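Everything below belongs to model-v1.pdb, which stores PDB, C-alpha atoms.
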ATOM      1  CA  MET R1463       0.000   0.000   0.000  1.00  0.00           C
ATOM      2  CA  TYR R1464       1.218   3.463  -0.908  1.00  0.00           C
ATOM      3  CA  TYR R1465       0.024   7.009  -0.396  1.00  0.00           C
ATOM      4  CA  PRO R1466       0.694   9.374  -3.319  1.00  0.00           C
ATOM      5  CA  MET R1467       1.718  12.908  -2.311  1.00  0.00           C
ATOM      6  CA  THR R1468       2.939  16.098  -3.880  1.00  0.00           C
ATOM      7  CA  ILE R1469       5.708  17.518  -1.709  1.00  0.00           C
ATOM      8  CA  ALA R1470       7.470  20.763  -2.678  1.00  0.00           C
ATOM      9  CA  GLY R1471       6.076  20.288  -6.173  1.00  0.00           C
ATOM     10  CA  LEU R1472       7.357  16.725  -6.566  1.00  0.00           C
ATOM     11  CA  GLU R1473       5.283  13.547  -6.750  1.00  0.00           C
ATOM     12  CA  ARG R1474       6.203  10.723  -4.401  1.00  0.00           C
ATOM     13  CA  LYS R1475       4.538   7.478  -3.256  1.00  0.00           C
ATOM     14  CA  LEU R1476       4.958   6.833   0.461  1.00  0.00           C
ATOM     15  CA  PRO R1477       4.800   3.194   1.584  1.00  0.00           C
ATOM     16  CA  LEU R1478       2.294   2.624   4.376  1.00  0.00           C
ATOM     17  CA  CYS R1479       3.828   0.978   7.445  1.00  0.00           C
ATOM     18  CA  PRO R1480       1.999  -0.460  10.464  1.00  0.00           C
ATOM     19  CA  LEU R1481       2.498   1.039  13.919  1.00  0.00           C
ATOM     20  CA  ASN R1482       0.032  -1.519  15.302  1.00  0.00           C
ATOM     21  CA  ASP R1483      -2.862  -3.654  13.994  1.00  0.00           C
ATOM     22  CA  THR R1484      -5.079  -0.675  13.162  1.00  0.00           C
ATOM     23  CA  LEU R1485      -2.779   2.324  12.665  1.00  0.00           C
ATOM     24  CA  TYR R1486      -0.482   2.876   9.696  1.00  0.00           C
ATOM     25  CA  ILE R1487       1.782   5.775   8.808  1.00  0.00           C
ATOM     26  CA  GLY R1488       3.191   6.914   5.499  1.00  0.00           C
ATOM     27  CA  ALA R1489       6.946   6.339   5.540  1.00  0.00           C
ATOM     28  CA  PHE R1490       8.722   9.485   4.404  1.00  0.00           C
ATOM     29  CA  VAL R1491      12.462   9.146   3.833  1.00  0.00           C
ATOM     30  CA  ILE R1492      14.561  11.781   2.104  1.00  0.00           C
ATOM     31  CA  PHE R1493      17.789   9.757   2.321  1.00  0.00           C
ATOM     32  CA  GLY R1494      18.973   9.079  -1.212  1.00  0.00           C
ATOM     33  CA  ASP R1495      16.538  11.574  -2.787  1.00  0.00           C
ATOM     34  CA  PRO R1496      18.546  14.766  -3.393  1.00  0.00           C
ATOM     35  CA  GLU R1497      15.904  16.177  -5.745  1.00  0.00           C
ATOM     36  CA  LEU R1498      13.270  16.064  -3.001  1.00  0.00           C
ATOM     37  CA  THR R1499      15.685  17.191  -0.305  1.00  0.00           C
ATOM     38  CA  THR R1500      16.686  20.287  -2.272  1.00  0.00           C
ATOM     39  CA  ALA R1501      13.098  21.151  -3.209  1.00  0.00           C
ATOM     40  CA  CYS R1502      11.959  20.841   0.418  1.00  0.00           C
ATOM     41  CA  ALA R1503      14.926  22.845   1.735  1.00  0.00           C
ATOM     42  CA  LYS R1504      14.177  25.677  -0.710  1.00  0.00           C
ATOM     43  CA  ALA R1505      10.482  25.681   0.179  1.00  0.00           C
ATOM     44  CA  LEU R1506      11.179  25.720   3.919  1.00  0.00           C
ATOM     45  CA  LEU R1507      13.755  28.512   3.625  1.00  0.00           C
ATOM     46  CA  GLU R1508      11.108  30.649   1.913  1.00  0.00           C
ATOM     47  CA  LYS R1509       8.965  30.288   5.055  1.00  0.00           C
ATOM     48  CA  ALA R1510      11.739  30.376   7.657  1.00  0.00           C
ATOM     49  CA  PRO R1511      11.952  33.103  10.295  1.00  0.00           C
ATOM     50  CA  GLU R1512      15.291  34.856  10.800  1.00  0.00           C
ATOM     51  CA  TYR R1513      17.703  32.553  12.585  1.00  0.00           C
ATOM     52  CA  ASP R1514      21.362  32.201  13.498  1.00  0.00           C
ATOM     53  CA  TYR R1515      21.680  28.397  13.464  1.00  0.00           C
ATOM     54  CA  ILE R1516      19.646  25.392  12.391  1.00  0.00           C
ATOM     55  CA  ILE R1517      19.548  22.317  14.614  1.00  0.00           C
ATOM     56  CA  THR R1518      18.184  18.866  13.842  1.00  0.00           C
ATOM     57  CA  ALA R1519      18.278  15.410  15.378  1.00  0.00           C
ATOM     58  CA  GLU R1520      20.254  12.502  14.018  1.00  0.00           C
ATOM     59  CA  ALA R1521      19.544  10.977  11.524  1.00  0.00           C
ATOM     60  CA  LYS R1522      16.650  11.659   9.140  1.00  0.00           C
ATOM     61  CA  GLY R1523      16.826  15.440   9.549  1.00  0.00           C
ATOM     62  CA  ILE R1524      20.490  15.625   8.548  1.00  0.00           C
ATOM     63  CA  PRO R1525      20.067  15.866   4.758  1.00  0.00           C
ATOM     64  CA  LEU R1526      17.410  18.554   5.185  1.00  0.00           C
ATOM     65  CA  ALA R1527      19.441  20.664   7.640  1.00  0.00           C
ATOM     66  CA  HIS R1528      22.539  20.265   5.486  1.00  0.00           C
ATOM     67  CA  GLU R1529      20.757  21.382   2.316  1.00  0.00           C
ATOM     68  CA  MET R1530      19.029  24.296   4.052  1.00  0.00           C
ATOM     69  CA  ALA R1531      22.400  25.451   5.418  1.00  0.00           C
ATOM     70  CA  ARG R1532      24.042  25.045   2.000  1.00  0.00           C
ATOM     71  CA  LEU R1533      21.309  26.987   0.214  1.00  0.00           C
ATOM     72  CA  ALA R1534      21.483  29.739   2.847  1.00  0.00           C
ATOM     73  CA  GLY R1535      25.159  30.386   2.083  1.00  0.00           C
ATOM     74  CA  ASN R1536      26.957  27.362   3.528  1.00  0.00           C
ATOM     75  CA  GLN R1537      26.054  28.218   7.089  1.00  0.00           C
ATOM     76  CA  LYS R1538      27.065  26.022   9.998  1.00  0.00           C
ATOM     77  CA  TYR R1539      24.260  23.852  11.372  1.00  0.00           C
ATOM     78  CA  LEU R1540      24.061  21.858  14.580  1.00  0.00           C
ATOM     79  CA  LEU R1541      23.271  18.213  15.164  1.00  0.00           C
ATOM     80  CA  ALA R1542      21.874  16.440  18.206  1.00  0.00           C
ATOM     81  CA  ARG R1543      23.491  12.995  18.169  1.00  0.00           C
ATOM     82  CA  LYS R1544      21.967   9.686  19.276  1.00  0.00           C
ATOM     83  CA  ALA R1545      25.127   8.803  21.201  1.00  0.00           C
ATOM     84  CA  PRO R1546      28.047  10.818  22.589  1.00  0.00           C
ATOM     85  CA  LYS R1547      31.063  10.877  20.267  1.00  0.00           C
ATOM     86  CA  LEU R1548      34.748  10.999  21.178  1.00  0.00           C
ATOM     87  CA  TYR R1549      35.145  14.512  19.762  1.00  0.00           C
ATOM     88  CA  MET R1550      32.535  15.909  22.123  1.00  0.00           C
ATOM     89  CA  THR R1551      34.104  18.008  24.865  1.00  0.00           C
ATOM     90  CA  GLY R1552      31.083  17.477  27.094  1.00  0.00           C
ATOM     91  CA  VAL R1553      27.430  16.773  26.512  1.00  0.00           C
ATOM     92  CA  PHE R1554      23.928  17.959  27.194  1.00  0.00           C
ATOM     93  CA  GLU R1555      21.366  15.146  27.129  1.00  0.00           C
ATOM     94  CA  SER R1556      17.645  14.870  26.441  1.00  0.00           C
ATOM     95  CA  THR R1557      15.417  11.806  26.051  1.00  0.00           C
ATOM     96  CA  VAL R1558      12.776  11.056  23.445  1.00  0.00           C
ATOM     97  CA  ARG R1559      10.342   8.316  22.466  1.00  0.00           C
ATOM     98  CA  SER R1560       9.632   8.833  18.757  1.00  0.00           C
ATOM     99  CA  ILE R1561       6.615   7.334  16.987  1.00  0.00           C
ATOM    100  CA  THR R1562       8.918   5.554  14.510  1.00  0.00           C
ATOM    101  CA  THR R1563      11.286   4.204  17.160  1.00  0.00           C
ATOM    102  CA  ARG R1564       9.816   1.758  19.623  1.00  0.00           C
ATOM    103  CA  ARG R1565      12.300   2.413  22.403  1.00  0.00           C
ATOM    104  CA  LEU R1566      13.478   5.318  24.476  1.00  0.00           C
ATOM    105  CA  GLN R1567      16.237   7.288  22.739  1.00  0.00           C
ATOM    106  CA  HIS R1568      18.689   9.872  23.966  1.00  0.00           C
ATOM    107  CA  LEU R1569      19.862  12.966  22.119  1.00  0.00           C
ATOM    108  CA  TYR R1570      23.214  14.541  22.921  1.00  0.00           C
ATOM    109  CA  LEU R1571      24.614  17.949  22.142  1.00  0.00           C
ATOM    110  CA  ASP R1572      28.294  18.850  22.310  1.00  0.00           C
ATOM    111  CA  THR R1573      29.075  21.665  24.756  1.00  0.00           C
ATOM    112  CA  ALA R1574      31.043  23.424  21.973  1.00  0.00           C
ATOM    113  CA  ASP R1575      27.822  23.566  19.920  1.00  0.00           C
ATOM    114  CA  ALA R1576      25.940  24.666  23.013  1.00  0.00           C
ATOM    115  CA  GLU R1577      28.338  27.600  23.367  1.00  0.00           C
ATOM    116  CA  LEU R1578      27.528  28.652  19.798  1.00  0.00           C
ATOM    117  CA  MET R1579      23.808  28.596  20.605  1.00  0.00           C
ATOM    118  CA  ARG R1580      23.909  30.723  23.760  1.00  0.00           C
ATOM    119  CA  GLY R1581      21.866  33.860  23.116  1.00  0.00           C
ATOM    120  CA  LYS R1582      21.328  32.956  19.438  1.00  0.00           C
ATOM    121  CA  ARG R1583      18.143  32.380  17.424  1.00  0.00           C
ATOM    122  CA  ILE R1584      17.827  28.654  16.811  1.00  0.00           C
ATOM    123  CA  LEU R1585      15.619  27.131  14.118  1.00  0.00           C
ATOM    124  CA  ILE R1586      14.636  23.513  14.782  1.00  0.00           C
ATOM    125  CA  VAL R1587      14.074  21.456  11.620  1.00  0.00           C
ATOM    126  CA  ASP R1588      13.041  17.859  11.005  1.00  0.00           C
ATOM    127  CA  ASP R1589      11.630  15.770   8.205  1.00  0.00           C
ATOM    128  CA  VAL R1590       8.340  14.795   9.871  1.00  0.00           C
ATOM    129  CA  ILE R1591       6.773  15.920  13.123  1.00  0.00           C
ATOM    130  CA  SER R1592       4.048  13.693  14.494  1.00  0.00           C
ATOM    131  CA  THR R1593       3.728  13.345  18.248  1.00  0.00           C
ATOM    132  CA  GLY R1594       6.218  16.145  18.839  1.00  0.00           C
ATOM    133  CA  GLU R1595       8.406  14.044  21.141  1.00  0.00           C
ATOM    134  CA  SER R1596      11.589  14.524  19.086  1.00  0.00           C
ATOM    135  CA  LEU R1597      10.791  18.221  18.911  1.00  0.00           C
ATOM    136  CA  LYS R1598      10.472  18.385  22.729  1.00  0.00           C
ATOM    137  CA  ALA R1599      13.859  16.734  23.133  1.00  0.00           C
ATOM    138  CA  LEU R1600      15.487  19.232  20.759  1.00  0.00           C
ATOM    139  CA  GLU R1601      13.741  22.133  22.511  1.00  0.00           C
ATOM    140  CA  ALA R1602      15.124  20.930  25.833  1.00  0.00           C
ATOM    141  CA  LEU R1603      18.669  20.827  24.437  1.00  0.00           C
ATOM    142  CA  VAL R1604      18.362  24.327  22.962  1.00  0.00           C
ATOM    143  CA  GLU R1605      16.998  25.685  26.252  1.00  0.00           C
ATOM    144  CA  GLN R1606      19.760  23.982  28.276  1.00  0.00           C
ATOM    145  CA  ALA R1607      22.307  25.603  25.966  1.00  0.00           C
ATOM    146  CA  GLY R1608      20.772  29.049  26.408  1.00  0.00           C
ATOM    147  CA  GLY R1609      19.558  29.363  22.818  1.00  0.00           C
ATOM    148  CA  GLU R1610      16.347  31.117  21.789  1.00  0.00           C
ATOM    149  CA  ILE R1611      13.996  28.932  19.747  1.00  0.00           C
ATOM    150  CA  CYS R1612      12.828  31.161  16.893  1.00  0.00           C
ATOM    151  CA  GLY R1613      10.960  28.531  14.903  1.00  0.00           C
ATOM    152  CA  ARG R1614      10.033  24.909  14.412  1.00  0.00           C
ATOM    153  CA  MET R1615       9.882  23.542  10.860  1.00  0.00           C
ATOM    154  CA  ALA R1616       9.218  20.226   9.162  1.00  0.00           C
ATOM    155  CA  ILE R1617       8.568  18.973   5.688  1.00  0.00           C
ATOM    156  CA  LEU R1618       5.485  17.071   6.855  1.00  0.00           C
ATOM    157  CA  ALA R1619       3.141  17.387   9.820  1.00  0.00           C
ATOM    158  CA  GLU R1620       1.455  14.129  10.762  1.00  0.00           C
ATOM    159  CA  GLY R1621      -1.559  13.566  12.995  1.00  0.00           C
ATOM    160  CA  ASP R1622      -2.002  16.104  15.793  1.00  0.00           C
ATOM    161  CA  ALA R1623       1.080  18.045  14.683  1.00  0.00           C
ATOM    162  CA  GLN R1624      -1.057  19.486  11.880  1.00  0.00           C
ATOM    163  CA  ASN R1625      -2.967  21.487  14.502  1.00  0.00           C
ATOM    164  CA  ARG R1626       0.081  23.101  16.109  1.00  0.00           C
ATOM    165  CA  SER R1627       0.161  26.861  15.700  1.00  0.00           C
ATOM    166  CA  ASP R1628       3.915  26.968  16.413  1.00  0.00           C
ATOM    167  CA  LEU R1629       4.911  24.611  13.593  1.00  0.00           C
ATOM    168  CA  ILE R1630       5.743  25.640  10.017  1.00  0.00           C
ATOM    169  CA  TYR R1631       5.462  22.774   7.542  1.00  0.00           C
ATOM    170  CA  LEU R1632       4.993  22.115   3.843  1.00  0.00           C
ATOM    171  CA  GLU R1633       2.333  19.398   3.733  1.00  0.00           C
ATOM    172  CA  LYS R1634      -0.045  17.421   5.924  1.00  0.00           C
ATOM    173  CA  LEU R1635       0.587  13.681   6.163  1.00  0.00           C
ATOM    174  CA  PRO R1636      -2.527  11.799   7.210  1.00  0.00           C
ATOM    175  CA  LEU R1637      -2.726   8.670   9.321  1.00  0.00           C
ATOM    176  CA  PHE R1638      -4.174   5.470   7.858  1.00  0.00           C
ATOM    177  CA  ASN R1639      -6.104   2.377   8.910  1.00  0.00           C
ATOM    178  CA  GLU R1640      -5.123  -1.207   8.101  1.00  0.00           C
ATOM    179  CA  LYS R1641      -6.901  -0.926   4.707  1.00  0.00           C
ATOM    180  CA  GLY R1642      -4.821   2.105   3.736  1.00  0.00           C
ATOM    181  CA  GLU R1643      -7.731   4.503   4.183  1.00  0.00           C
ATOM    182  CA  VAL R1644      -7.093   7.984   5.534  1.00  0.00           C
ATOM    183  CA  ILE R1645      -8.298   8.286   9.155  1.00  0.00           C
ATOM    184  CA  GLY R1646      -6.890  11.626  10.173  1.00  0.00           C
TER     185      GLY R1646
END
Go ahead and express the file in the form of structure tokens.
Amino acid sequence: MYYPMTIAGLERKLPLCPLNDTLYIGAFVIFGDPELTTACAKALLEKAPEYDYIITAEAKGIPLAHEMARLAGNQKYLLARKAPKLYMTGVFESTVRSITTRRLQHLYLDTADAELMRGKRILIVDDVISTGESLKALEALVEQAGGEICGRMAILAEGDAQNRSDLIYLEKLPLFNEKGEVIG
């Protein structure tokens, strides 16, 4: 089962994947699709508030943040990692339970990146926002670092995220039942 969508002017078919026996989501993956990544980055930048740095969570938001930063003049962007890395001089930590990951995850931010964020306007970007749990974890990291969240952006808003007044997104991604019918 697939759900056809037009995203940033491009046609794509999203495979429907079960979360449980009665609830399916459309799987949206920009990895390996530079045409879609670039189109979405351009469209989001047109709607973006003024910002100093973009931040995203590892891993699916990386191509989007990278392309947005490249299109905006090769700006530095920040990445919340799923595990501390040896190069990190210290870490801030936040936890998240994403709809697409069935276990508790941790996001880590290097203290050097946190220093860059202090007092700066930070734009949070991701590919899809659904429950908002990943967004909450990123918000917590930005707040711990002393950054000012100036916006929250995603390519797609799924489920209840479509009703958020603080979220800028390109398209609505519905939820589906086991027959592939749109339920919300």
>> Residues near stretch 1585-1593 of chain R, anyone? I mean within 9 Å using all atoms listed in the file, not counting same-chain ones fewer than 3 positions away, as a PyMOL selection string.
In response: chain R and resi 1490-1492+1510-1519+1522-1524+1526-1527+1560-1561+1596-1597+1600-1601+1610-1624+1629+1631+1635
> Could you state the separation of atom CA of R:Arg1580 and atom CA of R:Val1604 in Å, given to one decimal place?
Replying inline: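 So the two atoms, atom CA of R:Arg1580 and atom CA of R:Val1604, lie 8.5 Å apart.
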> What do you get, as a VMD selection string, if you spell out every residue that the PyMOL selection byres ((chain R and resi 1555) around 7) selects here?
Replying inline: chain R and resid 1553 to 1554 1556 to 1557 1568 to 1571 1603
Starting from the shown file, work through the PyMOL selection byres ((chain R and resi 1579) around 8) and note down what comes out as a PDB file with C-alpha atoms, in the coordinates of the input.
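After the write, out_30.pdb holds the following:
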ATOM      1  CA  TYR R1515      21.680  28.397  13.464  1.00  0.00           C
ATOM      2  CA  ASP R1575      27.822  23.566  19.920  1.00  0.00           C
ATOM      3  CA  ALA R1576      25.940  24.666  23.013  1.00  0.00           C
ATOM      4  CA  GLU R1577      28.338  27.600  23.367  1.00  0.00           C
ATOM      5  CA  LEU R1578      27.528  28.652  19.798  1.00  0.00           C
ATOM      6  CA  ARG R1580      23.909  30.723  23.760  1.00  0.00           C
ATOM      7  CA  GLY R1581      21.866  33.860  23.116  1.00  0.00           C
ATOM      8  CA  LYS R1582      21.328  32.956  19.438  1.00  0.00           C
ATOM      9  CA  ARG R1583      18.143  32.380  17.424  1.00  0.00           C
ATOM     10  CA  ILE R1584      17.827  28.654  16.811  1.00  0.00           C
ATOM     11  CA  VAL R1604      18.362  24.327  22.962  1.00  0.00           C
ATOM     12  CA  ALA R1607      22.307  25.603  25.966  1.00  0.00           C
ATOM     13  CA  GLY R1608      20.772  29.049  26.408  1.00  0.00           C
ATOM     14  CA  GLY R1609      19.558  29.363  22.818  1.00  0.00           C
ATOM     15  CA  GLU R1610      16.347  31.117  21.789  1.00  0.00           C
TER      16      GLU R1610
END
